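K.L.:
Below is one structure. I have some questions about it.
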Amino acid sequence: MEPDSPLAGLDPALARVQGVVLQAATAAEAVDRLVEVAQELIPLAAGAGISLVDEDGQCTTAAATDEAVVAANALQFELGAGPCLRAWDTVSPQYVADTATDPRWPVWARAVAERGLRSVLSVPLVVEGHEIGALEVYATEPHAFTDHEEHLLGLLAGPVAVLLGVDRTRRGTSTLQEAVADRDRIERAVGVLMERRNLPEATARTSLLDTARDQRQTLAQTADHVLKDPGPEP
């Protein structure tokens with residue numbers, strides 16, 4: 001892979017995401033570390049957050065790298081307008097190139113600009129066909145993000161949504177708990193894939209994650225299928 005490829009640096013980030021789920025002691029610890037991965041993935045990001053919305057439309061910041069992100073998100077929730085809300089409403093990425101001039105959410109944008117946040121990129125989180133929230137990054141510089149960063153954040157959002165494992169009845173309350181509780185089954189499934197397909201560990205984990213995302217399943221559900229599948233005849 002070339003250094004300037006859109007996928008450059010993504011494999012280590014996805015490996016960290018997988019490691020977070022398997023190693024985190026609590027759901028809160030896991031989501032806190034996930035936003036750190038998002039911030040590290042986007043070079044100019046000054047902060048990152050995960051916003052969730054429940055079935056009643058109540059919005060929360062599930063995790064954030066700093067208080068500036070929490071405040072910017074909270075103002076969106078209070079006003080009922082902003083890029084994160086639009087991202088999950090429309091199931092499409094939302095980019096604010098400059099909060100000082102963007103006309104779509106003027107009250108929110110002015111307040112955020114006054115706090116030193118000038119660019120925002122938000123992508124939707126979708127699990128099992130349902131929009132559960134958004135993954136967002138903020139920058140202190142205007143025009144900080146491009147299609148490249150949108151692509152990277154979108155690629156990370158897929159695994160993050162799967163690993164959150166939040167269904168419509170548990171949204172925002174049991175984040176990652178199912179995946180953490182099922183870590184043994186996931187590890188066994190990774191081992192099966194390594195042996196069955198002669199894969200290195202990192203490739204087997206990525207394969208399991210890709211299958212879960214493509215089939216809109218949790219990692220534990222996909223691991224169960226792997227463990228129940230007898231595999232090819234010897």
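Chains: A, B, ... in order of the structure tokens. Residues: from 1 per chain. Ligands: from 1, in order shown.
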Taking 2 positions as the minimum chain separation for residues in the same chain, which residues sit within 7 Å of range 67-82 of chain A when counting only C-alpha atoms? Answer as a list in words.
P.N.:
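Contacts, in chain order: Gly47, Ala48, Gly49, Cys59, Thr61, Ala64, Cys84, Leu85, Arg86, Trp105, Trp108 and Val112 of chain A.
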K.L.:
Rank nothing, just name the residue among A:Gly116, A:Val137, A:Thr60, A:Val127 nearest to Glu40 in chain A, using only C-alpha atoms.
P.N.:
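Closest residue, counting only C-alpha atoms: A:Val137.
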K.L.:
Determine, counting only C-alpha atoms, which protein, DNA and RNA residues have an atom within 8 Å of an atom of Ala109 in chain A; residues of the same chain fewer than 5 positions away are not included. Present the result as a list in words.
P.N.:
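So the residues in contact are Thr99, Ala100 and Asp102 of chain A.
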K.L.:
Rank A:Leu219, A:Met194, A:Ala144, A:Ile186 by their smallest atom-to-atom distance to Ile42 in chain A, using only C-alpha atoms, and report the top residue only.
P.N.:
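Of the candidates, the smallest distance to Ile42 in chain A is held by A:Ala144.
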K.L.:
DSSP on the backbone, helix (DSSP H, G or I) only: what residues of range 24-129 of chain A does that give? Format it as a VMD selection string.
P.N.:
chain A and resid 27 to 41 67 to 79 83 to 90 106 to 114
K.L.:
Restricting the calculation to only C-alpha atoms, which member of A:Ala212, A:Ala45, A:Ala87, A:Ile50 is positioned closest to Ser119 in chain A?
P.N.:
A:Ala45
K.L.:
Counting only C-alpha atoms, figure out which residue out of A:Val53, A:Leu193, A:Ala161, A:Val120 gets nearest to Pro230 in chain A.
P.N.:
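The closest residue to Pro230 in chain A is A:Leu193.
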K.L.:
So, with only C-alpha atoms as the atoms that count, which of A:Arg213, A:Arg185, A:His143, A:Arg118 lies closest to Leu155 in chain A?
P.N.:
A:Arg213
K.L.:
Could you list, as a ChimeraX atom specification, every residue within 8 Å of Leu208 in chain A, counting only C-alpha atoms and ignoring same-chain residues fewer than 2 positions away?
P.N.:
/A:190,204-206,210-212,219,222-223
